[in-house]
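Input: a single structure, listed below in structure tokens.
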There are 2 protein chains.
Amino acid sequence: MTESTRPMRRQDIRRENEKAILLAAEKVFAEAGFGGATMQLIADLAGLPKANLHYYFATKEELYRSVVQNIFEIWLQAANCFDAARGPVDGISAYIDAKMEISRRHPDGSKVWASEVMHGAPVLQDYMESTLREWTDGRVEIIRRWIEEGKMDPVDPRHLLYMLWATTQHYADFGHQIETLNGGKSLSDRQWREAKENIKRVILTGIGAQPA
Amino acid sequence: MTESTRPMRRQDIRRENEKAILLAAEKVFAEAGFGGATMQLIADLAGLPKANLHYYFATKEELYRSVVQNIFEIWLQAANCFDAARGPVDGISAYIDAKMEISRRHPDGSKVWASEVMHGAPVLQDYMESTLREWTDGRVEIIRRWIEEGKMDPVDPRHLLYMLWATTQHYADFGHQIETLNGGKSLSDRQWREAKENIKRVILTGIGAQPA
DNA sequence: CTGAAAGTTGACCATACGGTCAGGATGCAA
DNA sequence: TTGCATCCTGACCGTATGGTCAACTTTCAG
């Protein structure tokens with residue numbers, strides 16, 4: 001993996017190895033789940049001996065925790081789109097774009113996150129009860145304001161958020177199914193664009209934020 | 001589990017035990033994933049010795065396969081709502097109702113299915129390429145006809161189906177997250193009704209099948 | 001240059017898990 | 001009642017896996 005012949009600085013070594021391990025781990029956890037993933041597989045994929053993994057991450061749980069926390073960060077960053085916006089059309093459009101981009105570029109991360117939640121969030125329960133809840137409450141408030149200002153129909157903000165999460169993440173989590181139904185081929189640039197446009201159109205029209 | 005003192009007929013014994021095992025397995029697979037599930041746990045939950053499990057299901061894979069096939073059956077049954085309908089409002093409403101009912105009553109099944117797809121459908125690949133594809137193509141054709149007949153806007157049928165799957169299944173697969181954001185309480189009857197109504201409203205309005 | 005700190009790794013260990021099996025218990029047809 | 005097929009299960013086995021460790025190499029501050 002890191003095959004430069006010349007010597008590396010300590011700092012770089014650490015950063016590069018951790019990065020390689022986290023990347024490999026994300027993939028393996030996504031493909032096999034926590035229980036099905038093995039440290040050996042992750043090590044092989046990262047191009048390191050297994051013992052070296054345990055030097056950087058003492059236990060499988062610790063490694064998994066790091067992976068999931070990373071994903072949660074990305075997840076939250078996409079959220080900022082929401083705040084800057086002036087109305088639902090801008091805000092929700094931008095959010096859908098951001099989330100779809102994540103689904104396309106980080107499908108493994110999305111899967112690990114889905115898996116974590118499906119199994120009852122054993123690692124991230126505290127984050128969900130604090131950070132996620134705060135973020136959600138904030139967005140609910142924004143949507144409520146949009147409704148009050150007559151910028152969209154009175155749709156339940158929470159269920160709207162769930163709908164946004166569901167539709168966008170579906171393209172990562174169920175990517176294999178979509179691919180199969182697409183003749184075994186992954187979606188093309190055009191199809192991804194169509195997907196985004198469809199989602200935006202249906203939802204923005206559906207909440208009365210734009211005319212049919 | 002099956003604690004009647006009086007003797008059982010052979011047929012009944014087999015049926016009851018298989019049922020208990022499949023139920024327990026569905027739960028454990030949903031909670032722990034295939035890799036994280038253990039035959040011992042399933043056996044305990046079913047109230048049987050582990051060796052007895054292997055009498056009915058030779059291997060873990062075989063048991064898993066049975067569970068997933070069962071789920072796929074239920075999945076397909078909900079599909080029939082679609083066919084009887086005269087137009088998108090009836091058809092999609094009924095389908096959303098059916099899928100939401102599954103999400104509420106069989107969340108474990110939904111999770112196992114999600115897990116199976118996320119991991120690349122190692123068991124159900126052939127089903128997806130045959131049965132699921134045929135079903136989908138059929139529904140795409142129905143939706144296309146509705147569009148031709150002017151009963152809804154020209155929305156891409158496939159992406160519409162994905163949206164329906166995503167939004168409804170989300171309430172099962174991400175039930176834990178929804179519950180957490182609901183103050184740690186599972187959704188009430190009323191909240192489930194609201195969820196359904198919101199989804200129907202946004203989608204049916206969004207595709208131009210009903211006025212805003 | 002030197003020594004301590006950081007990084008590397010093959011060999012090893014304990015355990016948990018999927019699966020087997022032999023022998024006993026039970027239902028049932030004749 | 002008898003004999004057979006089905007059902008049941010404790011004890012056992014081989015393997016895979018997470019994790020440890022001690023010896024080794026490399027980096028780098030002073």
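Following the order of the structure tokens, first chain is A, next is B, and so on, with residues numbered from 1 inside each chain and ligands from 1 in the order they appear.
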
Could you list the residues in chain D lying within 10 Å of chain B, using only C-alpha atoms (C1' of nucleotides), and format the result as a compact mmCIF listing (two decimals) with N, CA and C atoms (P, O5', C5', C4', C3', O3' and C1' of nucleotides), in the first residue's frame?
# COMPACT_ATOMS: atom_id res chain seq x y z
P DT D 6 -38.57 -41.65 9.05
O5' DT D 6 -38.78 -40.69 10.30
C5' DT D 6 -40.09 -40.53 10.85
C4' DT D 6 -39.99 -39.95 12.23
C3' DT D 6 -39.17 -38.65 12.32
O3' DT D 6 -40.04 -37.62 12.80
C1' DT D 6 -38.62 -40.15 14.09
P DC D 7 -39.54 -36.12 12.88
O5' DC D 7 -39.01 -36.04 14.38
C5' DC D 7 -39.88 -36.40 15.46
C4' DC D 7 -39.09 -36.44 16.74
C3' DC D 7 -38.22 -35.19 17.02
O3' DC D 7 -38.64 -34.65 18.26
C1' DC D 7 -37.04 -37.19 17.48
P DC D 8 -38.00 -33.31 18.77
O5' DC D 8 -36.86 -33.89 19.70
C5' DC D 8 -37.24 -34.59 20.89
C4' DC D 8 -35.99 -34.98 21.65
C3' DC D 8 -35.06 -33.81 21.99
O3' DC D 8 -35.01 -33.71 23.40
C1' DC D 8 -33.85 -35.68 21.14
P DT D 9 -34.40 -32.37 24.01
O5' DT D 9 -32.90 -32.78 24.22
C5' DT D 9 -32.60 -33.94 24.98
C4' DT D 9 -31.11 -34.20 24.97
C3' DT D 9 -30.23 -32.94 25.01
O3' DT D 9 -29.28 -33.11 26.03
C1' DT D 9 -29.48 -34.41 23.35
P DG D 10 -28.88 -31.95 26.99
O5' DG D 10 -27.61 -32.58 27.70
C5' DG D 10 -27.69 -33.90 28.24
C4' DG D 10 -26.36 -34.61 28.06
C3' DG D 10 -25.14 -33.80 28.47
O3' DG D 10 -24.19 -34.68 29.08
C1' DG D 10 -25.01 -34.34 26.15

- Task: Hey, list the chain B side of the contact with chain A: 7 Å cut-off, only C-alpha atoms, answer as a ChimeraX atom specification.
- Result: /B:31-33,35-36,111,117-120,129,133,155,159,163,166-167,170,173-174,176-177,180-181,195,198,201-203,205-208,212

- Task: If you run DSSP over the backbone, which residues in segment 5-178 of chain B end up alpha helix (DSSP H)? Put them as number ranges by chain.
- Result: B: 10-36, 39-46, 50-56, 60-77, 80-84, 88-105, 107-118, 125-127, 133-148, 157-173, 175-178

- Query: Given a cut-off of 9 Å, which residues of chain C touch chain B, counting only C-alpha atoms (C1' of nucleotides), written out as a list in words?
  - Reply: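 Close enough to count are DC17, DG18, DG19, DG27 and DC28 of chain C.
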
Same residues, C-alpha atoms (C1' of nucleotides), output as a compact mmCIF listing (two decimals), in the first residue's frame:
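again_9.txt, written as the output of this step:
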# COMPACT_ATOMS: atom_id res chain seq x y z
C1' DC C 17 -18.37 -21.53 17.50
C1' DG C 18 -20.28 -24.67 13.79
C1' DG C 19 -20.95 -29.12 13.33
C1' DG C 27 -44.72 -41.66 18.82
C1' DC C 28 -47.06 -44.81 15.91

Near DA23 of chain D, counting only C-alpha atoms (C1' of nucleotides), which residues have an atom at most 12 Å away, once you skip same-chain residues fewer than 4 positions from it, shown as a tab-separated table (two decimals) with N, CA and C atoms (P, O5', C5', C4', C3', O3' and C1' of nucleotides), in the first residue's frame?
chain	number	residue	atom	x	y	z
C	8	DT	P	4.69	0.58	11.38
C	8	DT	O5'	5.42	-0.78	11.72
C	8	DT	C5'	6.75	-0.99	11.24
C	8	DT	C4'	7.12	-2.45	11.41
C	8	DT	C3'	6.05	-3.45	10.95
C	8	DT	O3'	6.64	-4.29	9.97
C	8	DT	C1'	6.87	-4.02	13.10
C	9	DT	P	5.68	-5.19	9.10
C	9	DT	O5'	5.76	-6.55	9.89
C	9	DT	C5'	7.04	-7.10	10.16
C	9	DT	C4'	6.91	-8.30	11.06
C	9	DT	C3'	5.70	-9.20	10.76
C	9	DT	O3'	6.18	-10.50	10.50
C	9	DT	C1'	5.93	-8.84	13.07
C	10	DG	P	5.50	-11.47	9.51
C	10	DG	O5'	5.98	-12.87	10.10
C	10	DG	C5'	7.35	-13.08	10.40
C	10	DG	C4'	7.50	-14.05	11.55
C	10	DG	C3'	6.70	-15.34	11.41
C	10	DG	O3'	7.48	-16.42	11.93
C	10	DG	C1'	5.96	-14.15	13.34
C	11	DA	P	6.91	-17.90	11.91
C	11	DA	O5'	6.51	-18.11	13.44
C	11	DA	C5'	7.45	-17.73	14.46
C	11	DA	C4'	6.80	-17.90	15.81
C	11	DA	C3'	5.96	-19.16	15.98
C	11	DA	O3'	6.30	-19.79	17.20
C	11	DA	C1'	4.68	-17.25	16.56

- Between atom CA of Ile96 of chain A and atom CA of Arg145 of chain A - distance in Å to one decimal: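 These two atoms are separated by 19.6 Å.
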
- Would you mind reading off the distance between atom CA of Ser188 of chain B and atom CA of Ser93 of chain B, one decimal, in Å? 20.6 Å

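Going from atom C1' of DT20 of chain D over to atom CA of Ala24 of chain A, you cover 22.9 Å.
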